[in-house]
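J.: Next up, final_15.csv (CSV, C-alpha atoms and all ligand atoms).
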```csv
chain,number,residue,atom,x,y,z
A,1,MET,CA,1.0,-124.4,139.1
A,2,ASP,CA,3.8,-122.7,141.0
A,3,ASN,CA,6.7,-125.2,141.4
A,4,GLN,CA,8.7,-123.1,143.9
A,5,PHE,CA,5.7,-122.5,146.1
A,6,PHE,CA,4.5,-126.1,145.8
A,7,ASN,CA,8.0,-127.5,146.7
A,8,LYS,CA,8.2,-125.3,149.8
A,9,TYR,CA,4.6,-125.5,151.1
A,10,GLY,CA,3.0,-128.5,149.3
A,11,PRO,CA,1.7,-131.0,148.6
A,12,TRP,CA,-1.2,-130.4,151.1
A,13,ALA,CA,-2.5,-127.2,152.8
A,14,ILE,CA,-5.1,-126.7,155.5
A,15,VAL,CA,-7.4,-123.7,155.2
A,16,THR,CA,-9.7,-122.9,158.0
A,17,GLY,CA,-12.8,-120.8,157.4
A,18,ALA,CA,-12.8,-122.1,153.8
A,19,SER,CA,-16.6,-121.9,153.3
A,20,SER,CA,-16.8,-118.2,152.6
A,21,GLY,CA,-15.0,-114.9,152.0
A,22,ILE,CA,-11.3,-114.7,152.3
A,23,GLY,CA,-10.9,-118.5,153.0
A,24,VAL,CA,-12.6,-119.4,149.7
A,25,GLU,CA,-10.2,-117.1,148.0
A,26,PHE,CA,-7.2,-118.7,149.8
A,27,ALA,CA,-8.4,-122.1,148.6
A,28,HIS,CA,-8.6,-121.0,145.0
A,29,GLN,CA,-5.2,-119.3,144.9
A,30,LEU,CA,-3.5,-122.2,146.6
A,31,ALA,CA,-5.2,-124.7,144.3
A,32,ALA,CA,-4.0,-122.6,141.3
A,33,LYS,CA,-0.5,-123.1,142.7
A,34,GLY,CA,-1.1,-126.9,142.6
A,35,LEU,CA,-1.6,-127.5,146.3
A,36,ASN,CA,-4.1,-130.2,147.5
A,37,LEU,CA,-6.4,-128.8,150.2
A,38,ILE,CA,-8.1,-129.7,153.4
A,39,LEU,CA,-11.0,-127.2,153.8
A,40,VAL,CA,-12.3,-126.6,157.3
A,41,ALA,CA,-15.5,-124.9,158.4
A,42,ARG,CA,-18.9,-125.7,159.9
A,43,ARG,CA,-21.1,-125.5,156.8
A,44,LYS,CA,-20.6,-128.7,155.0
A,45,ASN,CA,-22.8,-127.8,152.0
A,46,LEU,CA,-20.7,-124.7,151.2
A,47,LEU,CA,-17.4,-126.7,151.7
A,48,GLU,CA,-18.7,-129.3,149.2
A,49,GLU,CA,-19.5,-126.6,146.7
A,50,VAL,CA,-16.1,-125.0,147.1
A,51,SER,CA,-14.4,-128.4,146.9
A,52,SER,CA,-16.2,-129.5,143.7
A,53,ASP,CA,-15.3,-126.2,142.1
A,54,LEU,CA,-11.6,-126.5,143.0
A,55,ILE,CA,-11.4,-130.1,141.8
A,56,ALA,CA,-13.0,-129.2,138.5
A,57,LYS,CA,-11.0,-126.1,137.9
A,58,TYR,CA,-7.5,-127.0,139.1
A,59,ASN,CA,-7.5,-130.8,139.1
A,60,ILE,CA,-6.2,-131.0,142.7
A,61,GLU,CA,-7.2,-133.3,145.6
A,62,CYS,CA,-9.5,-131.8,148.1
A,63,LYS,CA,-10.8,-133.0,151.5
A,64,ILE,CA,-13.4,-131.3,153.5
A,65,LEU,CA,-13.8,-131.2,157.3
A,66,GLU,CA,-17.0,-130.1,158.9
A,67,ALA,CA,-15.8,-128.9,162.2
A,68,ASP,CA,-16.6,-126.2,164.8
A,69,LEU,CA,-13.3,-124.7,165.9
A,70,THR,CA,-14.8,-123.3,169.1
A,71,VAL,CA,-15.5,-126.8,170.4
A,72,ASP,CA,-12.8,-128.4,172.5
A,73,GLY,CA,-11.4,-131.5,170.8
A,74,PHE,CA,-11.5,-129.8,167.3
A,75,PHE,CA,-7.8,-130.5,167.0
A,76,ASN,CA,-8.3,-134.2,167.0
A,77,GLU,CA,-10.7,-133.9,164.1
A,78,VAL,CA,-8.3,-131.8,162.1
A,79,LEU,CA,-5.5,-134.2,162.9
A,80,LEU,CA,-7.6,-137.2,161.8
A,81,ALA,CA,-8.5,-135.4,158.5
A,82,SER,CA,-4.9,-134.8,157.7
A,83,ASN,CA,-3.7,-138.2,158.8
A,84,GLY,CA,-1.3,-139.7,156.3
A,85,LEU,CA,-1.2,-136.5,154.2
A,86,ASP,CA,2.0,-134.4,153.9
A,87,VAL,CA,0.8,-131.0,155.1
A,88,GLY,CA,3.2,-128.2,154.4
A,89,LEU,CA,1.0,-125.1,154.8
A,90,LEU,CA,-1.5,-124.0,157.5
A,91,VAL,CA,-3.8,-121.1,156.8
A,92,ASN,CA,-5.3,-120.1,160.1
A,93,ASN,CA,-8.1,-117.9,158.6
A,94,ALA,CA,-11.4,-118.7,160.3
A,95,GLY,CA,-12.7,-115.9,162.5
A,96,MET,CA,-15.7,-114.1,163.8
A,97,ASN,CA,-16.2,-110.6,165.1
A,98,CYS,CA,-18.1,-108.9,167.9
A,99,GLU,CA,-18.7,-105.2,167.1
A,100,GLY,CA,-20.5,-102.3,168.6
A,101,ASP,CA,-20.9,-101.3,172.2
A,102,PHE,CA,-18.9,-103.4,174.7
A,103,TYR,CA,-21.9,-105.2,176.2
A,104,ARG,CA,-23.7,-105.7,172.8
A,105,GLY,CA,-22.2,-109.2,172.4
A,106,SER,CA,-23.1,-111.8,175.1
A,107,LEU,CA,-20.3,-113.2,177.3
A,108,ASP,CA,-20.8,-116.5,175.5
A,109,ARG,CA,-20.2,-114.9,172.1
A,110,ASN,CA,-17.1,-113.2,173.3
A,111,LEU,CA,-15.7,-116.4,174.8
A,112,ASN,CA,-16.4,-118.2,171.5
A,113,MET,CA,-14.5,-115.5,169.7
A,114,ILE,CA,-11.5,-116.2,171.9
A,115,GLN,CA,-11.8,-119.9,171.1
A,116,LEU,CA,-12.1,-119.2,167.3
A,117,ASN,CA,-9.8,-116.2,166.8
A,118,VAL,CA,-7.1,-117.0,169.4
A,119,LYS,CA,-7.2,-120.6,170.8
A,120,ALA,CA,-7.8,-122.5,167.6
A,121,PRO,CA,-5.1,-120.8,165.5
A,122,PHE,CA,-2.7,-121.1,168.4
A,123,VAL,CA,-3.3,-124.8,168.8
A,124,LEU,CA,-3.1,-125.5,165.1
A,125,ALA,CA,0.1,-123.4,164.7
A,126,TYR,CA,1.6,-125.1,167.7
A,127,GLU,CA,0.9,-128.6,166.5
A,128,TYR,CA,1.5,-128.2,162.8
A,129,GLY,CA,4.5,-126.0,163.5
A,130,LYS,CA,6.0,-129.0,165.4
A,131,GLN,CA,5.4,-131.2,162.3
A,132,PHE,CA,7.0,-128.6,160.0
A,133,SER,CA,10.0,-128.3,162.3
A,134,LYS,CA,10.6,-132.1,162.0
A,135,LYS,CA,10.4,-131.8,158.2
A,136,GLY,CA,12.5,-128.7,158.1
A,137,LYS,CA,10.1,-126.7,156.0
A,138,GLY,CA,6.6,-125.3,155.8
A,139,GLY,CA,4.5,-122.2,156.2
A,140,ILE,CA,1.9,-120.7,158.5
A,141,ILE,CA,-0.4,-117.8,157.6
A,142,PHE,CA,-2.6,-116.2,160.2
A,143,THR,CA,-5.4,-113.9,159.2
A,144,SER,CA,-5.2,-111.0,161.6
A,145,SER,CA,-6.5,-107.5,160.8
A,146,ILE,CA,-5.4,-103.9,160.6
A,147,SER,CA,-7.4,-103.5,163.8
A,148,GLY,CA,-4.6,-105.6,165.5
A,149,PHE,CA,-2.2,-102.6,165.3
A,150,ASN,CA,-3.9,-100.4,167.9
A,151,ALA,CA,-6.8,-100.3,170.3
A,152,HIS,CA,-10.2,-100.0,168.6
A,153,PRO,CA,-13.0,-98.9,170.9
A,154,TYR,CA,-16.4,-100.4,169.8
A,155,LEU,CA,-14.4,-103.2,168.2
A,156,SER,CA,-12.4,-103.6,171.4
A,157,HIS,CA,-12.4,-107.4,172.0
A,158,TYR,CA,-12.2,-108.3,168.3
A,159,ALA,CA,-9.2,-106.0,167.8
A,160,ALA,CA,-7.6,-107.5,170.9
A,161,THR,CA,-7.9,-111.0,169.4
A,162,LYS,CA,-6.3,-109.7,166.2
A,163,ALA,CA,-3.5,-108.0,168.2
A,164,TYR,CA,-2.8,-111.3,169.8
A,165,ILE,CA,-2.6,-113.0,166.4
A,166,LEU,CA,-0.4,-110.3,164.9
A,167,SER,CA,2.0,-110.4,167.8
A,168,LEU,CA,2.2,-114.2,167.8
A,169,ALA,CA,2.8,-114.4,164.1
A,170,GLU,CA,5.5,-111.7,164.2
A,171,SER,CA,7.4,-113.5,167.0
A,172,MET,CA,7.0,-116.9,165.4
A,173,ASN,CA,8.2,-115.5,162.1
A,174,TYR,CA,11.5,-114.6,163.8
A,175,GLU,CA,11.9,-117.8,165.8
A,176,PHE,CA,10.9,-120.2,162.9
A,177,LYS,CA,13.2,-118.6,160.3
A,178,ASP,CA,16.0,-120.9,161.6
A,179,LYS,CA,13.7,-123.9,161.0
A,180,ASN,CA,13.0,-122.9,157.4
A,181,ILE,CA,9.4,-122.2,158.3
A,182,ASP,CA,7.8,-119.1,157.0
A,183,VAL,CA,5.1,-117.4,159.2
A,184,LEU,CA,3.0,-114.4,158.1
A,185,ALA,CA,0.2,-112.4,159.5
A,186,LEU,CA,-2.2,-111.1,156.9
A,187,CYS,CA,-3.7,-107.8,158.1
A,188,PRO,CA,-6.6,-106.9,155.9
A,189,GLY,CA,-8.8,-103.8,156.3
A,190,MET,CA,-12.4,-104.1,155.2
A,191,THR,CA,-12.7,-106.9,152.7
A,192,LYS,CA,-15.7,-108.3,150.8
A,193,SER,CA,-17.0,-111.3,152.7
A,194,GLU,CA,-19.9,-112.5,154.8
A,195,MET,CA,-18.4,-110.5,157.6
A,196,THR,CA,-18.9,-107.2,155.7
A,197,LYS,CA,-22.2,-108.2,154.1
A,198,GLY,CA,-24.4,-105.1,153.5
A,199,LEU,CA,-21.5,-102.7,153.5
A,200,LYS,CA,-21.3,-100.4,150.4
A,201,GLU,CA,-18.6,-101.3,147.9
A,202,GLY,CA,-16.0,-98.6,147.5
A,203,PRO,CA,-12.3,-97.9,147.8
A,204,MET,CA,-12.5,-98.8,151.5
A,205,LEU,CA,-13.8,-102.3,150.8
A,206,MET,CA,-11.3,-104.5,149.1
A,207,ALA,CA,-12.1,-107.6,147.1
A,208,ALA,CA,-10.8,-110.8,148.6
A,209,ALA,CA,-8.5,-111.7,145.6
A,210,PRO,CA,-5.9,-109.0,146.0
A,211,VAL,CA,-5.9,-109.4,149.8
A,212,VAL,CA,-5.0,-113.1,149.5
A,213,LYS,CA,-2.6,-112.5,146.7
A,214,ALA,CA,-0.7,-110.0,148.9
A,215,ALA,CA,-0.4,-112.7,151.6
A,216,LEU,CA,0.8,-115.4,149.3
A,217,ASP,CA,3.3,-113.1,147.5
A,218,ASN,CA,4.8,-112.0,150.8
A,219,LEU,CA,5.0,-115.4,152.6
A,220,GLY,CA,8.7,-115.9,153.3
A,221,LYS,CA,9.4,-112.3,152.7
A,222,LYS,CA,7.7,-110.4,155.6
A,223,ALA,CA,6.3,-111.1,159.0
A,224,TYR,CA,3.1,-109.3,158.3
A,225,GLU,CA,1.4,-107.9,155.2
A,226,VAL,CA,-1.2,-105.1,155.1
A,227,PRO,CA,-2.9,-105.3,151.7
A,228,GLY,CA,-4.0,-102.2,149.8
A,229,TRP,CA,-2.7,-98.6,149.9
A,230,ILE,CA,-5.6,-97.3,151.9
A,231,ASN,CA,-5.0,-99.9,154.7
A,232,LYS,CA,-1.3,-99.3,154.5
A,233,ALA,CA,-1.9,-95.5,154.9
A,234,GLN,CA,-4.2,-96.2,157.9
A,235,VAL,CA,-1.6,-98.4,159.6
A,236,PHE,CA,1.1,-95.8,158.9
A,237,LEU,CA,-1.0,-93.1,160.5
A,238,ASN,CA,-1.9,-95.1,163.5
A,239,THR,CA,1.6,-96.5,164.2
A,240,ARG,CA,4.1,-94.0,162.8
A,241,ILE,CA,2.4,-90.6,163.1
A,242,LEU,CA,0.0,-90.9,166.0
A,243,ASN,CA,0.9,-92.2,169.5
A,244,ARG,CA,-1.1,-95.1,171.0
A,245,ASN,CA,-3.6,-92.8,172.6
A,246,GLY,CA,-4.0,-90.7,169.5
A,247,ALA,CA,-4.6,-93.9,167.4
A,248,ARG,CA,-7.1,-95.2,169.9
A,249,ASN,CA,-9.0,-91.9,170.0
A,250,LEU,CA,-9.1,-91.6,166.2
A,251,SER,CA,-10.2,-95.2,165.7
A,252,GLY,CA,-12.8,-94.8,168.5
A,253,ALA,CA,-14.2,-91.6,167.0
A,254,ILE,CA,-14.5,-93.1,163.5
A,255,LEU,CA,-16.1,-96.3,164.7
A,256,LYS,CA,-18.5,-94.5,167.1
A,257,LYS,CA,-19.7,-92.5,164.1
A,258,PHE,CA,-20.0,-95.2,161.5
A,259,LEU,CA,-20.1,-98.7,163.1
A,260,PRO,CA,-23.5,-100.5,163.3
A,261,GLY,CA,-24.3,-101.6,166.9
A,262,VAL,CA,-23.1,-98.4,168.6
A,263,ASN,CA,-25.5,-96.5,170.7
A,264,ARG,CA,-24.6,-92.9,169.5
A,265,LYS,CA,-26.9,-91.3,172.1
A,266,LYS,CA,-24.8,-92.4,175.0
A,267,LYS,CA,-22.2,-90.0,176.3
A,268,ASN,CA,-18.7,-91.3,175.8
A,269,SER,CA,-17.0,-91.2,179.2
B,301,LIG,N1,-13.8,-109.2,156.0
B,301,LIG,C1,-13.1,-108.2,156.6
B,301,LIG,O1,-13.3,-107.0,156.5
B,301,LIG,C2,-11.9,-108.7,157.5
B,301,LIG,C3,-11.0,-107.7,157.8
B,301,LIG,C4,-9.9,-108.1,158.6
B,301,LIG,C5,-9.8,-109.4,159.0
B,301,LIG,N2,-10.7,-110.3,158.6
B,301,LIG,C6,-10.5,-111.7,159.1
B,301,LIG,O2,-10.6,-112.6,157.9
B,301,LIG,C7,-10.9,-113.9,158.3
B,301,LIG,C8,-11.9,-114.5,157.4
B,301,LIG,O3,-13.1,-113.8,157.5
B,301,LIG,P1,-14.0,-113.3,156.3
B,301,LIG,O4,-13.9,-111.8,156.2
B,301,LIG,O5,-13.7,-114.1,155.1
B,301,LIG,O6,-15.5,-113.6,156.9
B,301,LIG,P2,-16.5,-114.7,156.6
B,301,LIG,O7,-16.9,-114.7,155.2
B,301,LIG,O8,-17.5,-114.6,157.6
B,301,LIG,O9,-15.7,-116.1,156.8
B,301,LIG,C9,-15.5,-116.6,158.1
B,301,LIG,C10,-15.1,-118.1,158.0
B,301,LIG,O10,-14.8,-118.6,159.3
B,301,LIG,C11,-15.6,-119.8,159.4
B,301,LIG,N3,-16.0,-120.0,160.8
B,301,LIG,C12,-16.8,-119.1,161.6
B,301,LIG,N4,-17.0,-119.6,162.8
B,301,LIG,C13,-16.4,-120.9,162.8
B,301,LIG,C14,-16.3,-121.9,163.7
B,301,LIG,N5,-16.9,-121.8,164.9
B,301,LIG,N6,-15.7,-123.1,163.4
B,301,LIG,C15,-15.1,-123.2,162.2
B,301,LIG,N7,-15.1,-122.2,161.2
B,301,LIG,C16,-15.8,-121.1,161.5
B,301,LIG,C17,-16.8,-119.6,158.5
B,301,LIG,O11,-17.4,-120.8,158.2
B,301,LIG,P3,-18.7,-121.5,158.8
B,301,LIG,O12,-19.6,-120.4,159.2
B,301,LIG,O13,-19.2,-122.4,157.7
B,301,LIG,O14,-18.2,-122.3,160.0
B,301,LIG,C18,-16.2,-118.9,157.3
B,301,LIG,O15,-15.7,-119.8,156.5
B,301,LIG,C19,-11.4,-113.8,159.8
B,301,LIG,O16,-10.3,-114.2,160.6
B,301,LIG,C20,-11.6,-112.3,160.0
B,301,LIG,O17,-11.5,-111.9,161.3
B,301,LIG,C21,-11.8,-110.0,157.9
```
Mind converting the file's structure to structure tokens?
T.:
Amino acid sequence: MDNQFFNKYGPWAIVTGASSGIGVEFAHQLAAKGLNLILVARRKNLLEEVSSDLIAKYNIECKILEADLTVDGFFNEVLLASNGLDVGLLVNNAGMNCEGDFYRGSLDRNLNMIQLNVKAPFVLAYEYGKQFSKKGKGGIIFTSSISGFNAHPYLSHYAATKAYILSLAESMNYEFKDKNIDVLALCPGMTKSEMTKGLKEGPMLMAAAPVVKAALDNLGKKAYEVPGWINKAQVFLNTRILNRNGARNLSGAILKKFLPGVNRKKKNS
């Protein structure tokens, strides 16, 4: 239990993308602080497992919502699930990627990514931000990415969605301070989750626990948080040492060499 955190952001929090990876870790660390949770994702069986685990471990209340955030009307489902509950924290974490050559992902997949990574977090932040404004307190966390700080060829559209989220969170952080609402963009680098399944463990691949801890420790203190010193060094290089073109070229060269889904035989024009 963390009384200070609970009083500011409790008693209920919504976590999207809570069926795996970083979202499950958010759910555990928030439950450890005493918050009751509404867990949102598509895979009901996984949400049920996470929920039972949380209730047993932390003695909190937990609701699950099986919802596809790319489907129009998702907001009504979330609203219904939170009806009558005093929500004080929104964790906009659900996300998907589209990596490799620009045309590797279909147009439909790319449009779904805009719905999930951009539209859904915006709608939820807009609506719950309104509720928090009326109450005069609350918090919103967006899971962005270090790829949001500069252009990333071969991850171009995903990075663009994360740049949107980072910019939105930073601006909201400034505007919402006056309303006693804390807004933070969490900007992880590579983190162990389903999204990075198959990648080799090593210093470049962080566990989800310290990533989430960094977000919760810095909510109310910063507008964005980059967890881990390697990620911090990367952002420092790309934003403070290199210019925008240099950062794009370096990111592109690295991703072209190492990212799956890149046709390395093609000439880069
Ligand atoms: N892992 C990394 O290296 C990394 C780095 C930077 C940023 N991030 C960001 O971190 C966030 C969490 O990702 P993760 O790494 O934990 O990956 P993950 O394990 O794949 O988790 C993604 C979560 O989003 C949910 N989700 C996906 N599509 C959805 C949809 N249409 N409707 C509702 N929920 C949906 C998934 O649940 P269902 O499939 O059950 O719906 C899952 O719970 C994402 O925003 C991602 O962009 C990850």
J.: Set the cut-off to 6 Å, count only C-alpha atoms and all ligand atoms, and list whatever residues fall near ligand LIG 301 (chain B) as number ranges by chain.
T.: A: 17-23, 41-43, 67-70, 93-96, 116, 143-145, 188-196
J.: Write the selection just made, keeping C-alpha atoms, as an mmCIF file, in the frame of the given file?
T.:
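What ended up in out.cif:
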```cif
data_model
loop_
_atom_site.group_PDB
_atom_site.id
_atom_site.type_symbol
_atom_site.label_atom_id
_atom_site.label_comp_id
_atom_site.auth_asym_id
_atom_site.auth_seq_id
_atom_site.Cartn_x
_atom_site.Cartn_y
_atom_site.Cartn_z
ATOM 1 C CA GLY A 17 -12.800 -120.800 157.400
ATOM 2 C CA ALA A 18 -12.800 -122.100 153.800
ATOM 3 C CA SER A 19 -16.600 -121.900 153.300
ATOM 4 C CA SER A 20 -16.800 -118.200 152.600
ATOM 5 C CA GLY A 21 -15.000 -114.900 152.000
ATOM 6 C CA ILE A 22 -11.300 -114.700 152.300
ATOM 7 C CA GLY A 23 -10.900 -118.500 153.000
ATOM 8 C CA ALA A 41 -15.500 -124.900 158.400
ATOM 9 C CA ARG A 42 -18.900 -125.700 159.900
ATOM 10 C CA ARG A 43 -21.100 -125.500 156.800
ATOM 11 C CA ALA A 67 -15.800 -128.900 162.200
ATOM 12 C CA ASP A 68 -16.600 -126.200 164.800
ATOM 13 C CA LEU A 69 -13.300 -124.700 165.900
ATOM 14 C CA THR A 70 -14.800 -123.300 169.100
ATOM 15 C CA ASN A 93 -8.100 -117.900 158.600
ATOM 16 C CA ALA A 94 -11.400 -118.700 160.300
ATOM 17 C CA GLY A 95 -12.700 -115.900 162.500
ATOM 18 C CA MET A 96 -15.700 -114.100 163.800
ATOM 19 C CA LEU A 116 -12.100 -119.200 167.300
ATOM 20 C CA THR A 143 -5.400 -113.900 159.200
ATOM 21 C CA SER A 144 -5.200 -111.000 161.600
ATOM 22 C CA SER A 145 -6.500 -107.500 160.800
ATOM 23 C CA PRO A 188 -6.600 -106.900 155.900
ATOM 24 C CA GLY A 189 -8.800 -103.800 156.300
ATOM 25 C CA MET A 190 -12.400 -104.100 155.200
ATOM 26 C CA THR A 191 -12.700 -106.900 152.700
ATOM 27 C CA LYS A 192 -15.700 -108.300 150.800
ATOM 28 C CA SER A 193 -17.000 -111.300 152.700
ATOM 29 C CA GLU A 194 -19.900 -112.500 154.800
ATOM 30 C CA MET A 195 -18.400 -110.500 157.600
ATOM 31 C CA THR A 196 -18.900 -107.200 155.700
#
```
J.: List every residue of region 190-220 of chain A that has an atom at most 10 Å from any atom of region 230-245 of chain A, giving for each one its closest atom pair and the distance in Å to one decimal, counting all atoms listed in the file, sorted by chain and then by ascending residue number, as a tab-separated table.
T.:
```
residue	atom	partner	partner_atom	distance
A:Met190	CA	A:Asn231	CA	8.5
A:Pro203	CA	A:Ile230	CA	7.9
A:Met204	CA	A:Ile230	CA	7.1
A:Leu205	CA	A:Ile230	CA	9.7
A:Met206	CA	A:Ile230	CA	9.6
```
J.: Looking at A:Pro227, A:Gly73, A:Pro121, A:Gly100, which one is nearest to Val15 (chain A), with distances taken over only C-alpha atoms?
T.: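 Once distances to Val15 (chain A) are computed over only C-alpha atoms, the minimum belongs to A:Pro121.
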J.: Closest to Glu25 (chain A) among A:Val212, A:Ala151, A:Ala159, A:Leu259, using only C-alpha atoms?
T.: A:Val212
J.: With only C-alpha atoms as the atoms that count, which of A:Val262, A:Leu47, A:Leu54, A:Ala214 lies nearest to Ile141 (chain A)?
T.: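 Among the listed residues, A:Ala214 lies closest to Ile141 (chain A).
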J.: Would you mind listing, for every residue of region 120-144 of chain A within 8 Å of region 167-186 of chain A, the two atoms forming the shortest contact and the distance between them in Å to one decimal, using all atoms listed in the file, sorted by chain and ascending residue number, as a Markdown table?
T.:
```
| residue | atom | partner | partner_atom | distance |
| --- | --- | --- | --- | --- |
| A:Phe132 | CA | A:Ile181 | CA | 7.0 |
| A:Ser133 | CA | A:Lys179 | CA | 5.9 |
| A:Gly136 | CA | A:Lys179 | CA | 5.7 |
| A:Lys137 | CA | A:Asn180 | CA | 5.0 |
| A:Gly138 | CA | A:Ile181 | CA | 4.9 |
| A:Gly139 | CA | A:Asp182 | CA | 4.6 |
| A:Ile140 | CA | A:Val183 | CA | 4.6 |
| A:Ile141 | CA | A:Leu184 | CA | 4.8 |
| A:Phe142 | CA | A:Ala185 | CA | 4.8 |
| A:Thr143 | CA | A:Leu186 | CA | 4.8 |
| A:Ser144 | CA | A:Leu186 | CA | 5.6 |
```
J.: With C-alpha atoms retained, export the selected residues as a short mmCIF file (atom, residue, chain, number, x, y, z; two decimals), keeping the file's coordinate frame.
T.:
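part_6.cif, freshly written:
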```
data_model
loop_
_atom_site.label_atom_id
_atom_site.label_comp_id
_atom_site.auth_asym_id
_atom_site.auth_seq_id
_atom_site.Cartn_x
_atom_site.Cartn_y
_atom_site.Cartn_z
CA PHE A 132 7.00 -128.60 160.00
CA SER A 133 10.00 -128.30 162.30
CA GLY A 136 12.50 -128.70 158.10
CA LYS A 137 10.10 -126.70 156.00
CA GLY A 138 6.60 -125.30 155.80
CA GLY A 139 4.50 -122.20 156.20
CA ILE A 140 1.90 -120.70 158.50
CA ILE A 141 -0.40 -117.80 157.60
CA PHE A 142 -2.60 -116.20 160.20
CA THR A 143 -5.40 -113.90 159.20
CA SER A 144 -5.20 -111.00 161.60
#
```
J.: Take the point (-6.3, -130.7, 151.0) as written in the file and pick out every residue within 7 Å of it, counting all atoms listed in the file; give the list as a list in words.
T.: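 The residues near that point, listed by chain and number, are Trp12, Ala13, Ile14, Asn36, Leu37, Ile38, Leu39, Glu61, Cys62 and Lys63 of chain A.
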J.: Just checking: using only C-alpha atoms, which residue out of A:Lys57, A:Lys200, A:Lys213, A:Lys162 ends up closest to Gln29 (chain A)?
T.: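 Ranked by minimum distance to Gln29 (chain A), first place goes to A:Lys213.
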J.: Would you mind telling me which residue in A:Val87, A:Ala81, A:Ile146, A:Ala208 lies nearest to Gly10 (chain A) when using all atoms listed in the file?
T.: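 Ranked by minimum distance to Gly10 (chain A), first place goes to A:Val87.
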J.: Could you check which of A:Gln131, A:Asn117, A:Asn112, A:Asn59 is closest to Gly88 (chain A), using all atoms listed in the file?
T.: A:Gln131
J.: Quick one, how far is CA of Tyr58 (chain A) from CA of Ala209 (chain A)?
T.: 16.7 Å
J.: So that I can check the surroundings of Phe5 (chain A), please list as a PyMOL selection string every protein, DNA and RNA residue that reaches within 9 Å of it, counting all atoms listed in the file and ignoring chain neighbours fewer than 5 positions away.
T.: chain A and resi 10+33-35
J.: Provide the CA of Ile254 (chain A) to CA of Ala223 (chain A) distance in Å, to one decimal place.
T.: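 These two atoms are separated by 27.9 Å.
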J.: Would you mind reading off the distance between CA of Ser147 (chain A) and CA of Asp108 (chain A), one decimal, in Å?
T.: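 Between CA of Ser147 (chain A) and CA of Asp108 (chain A) the gap is 22.0 Å.
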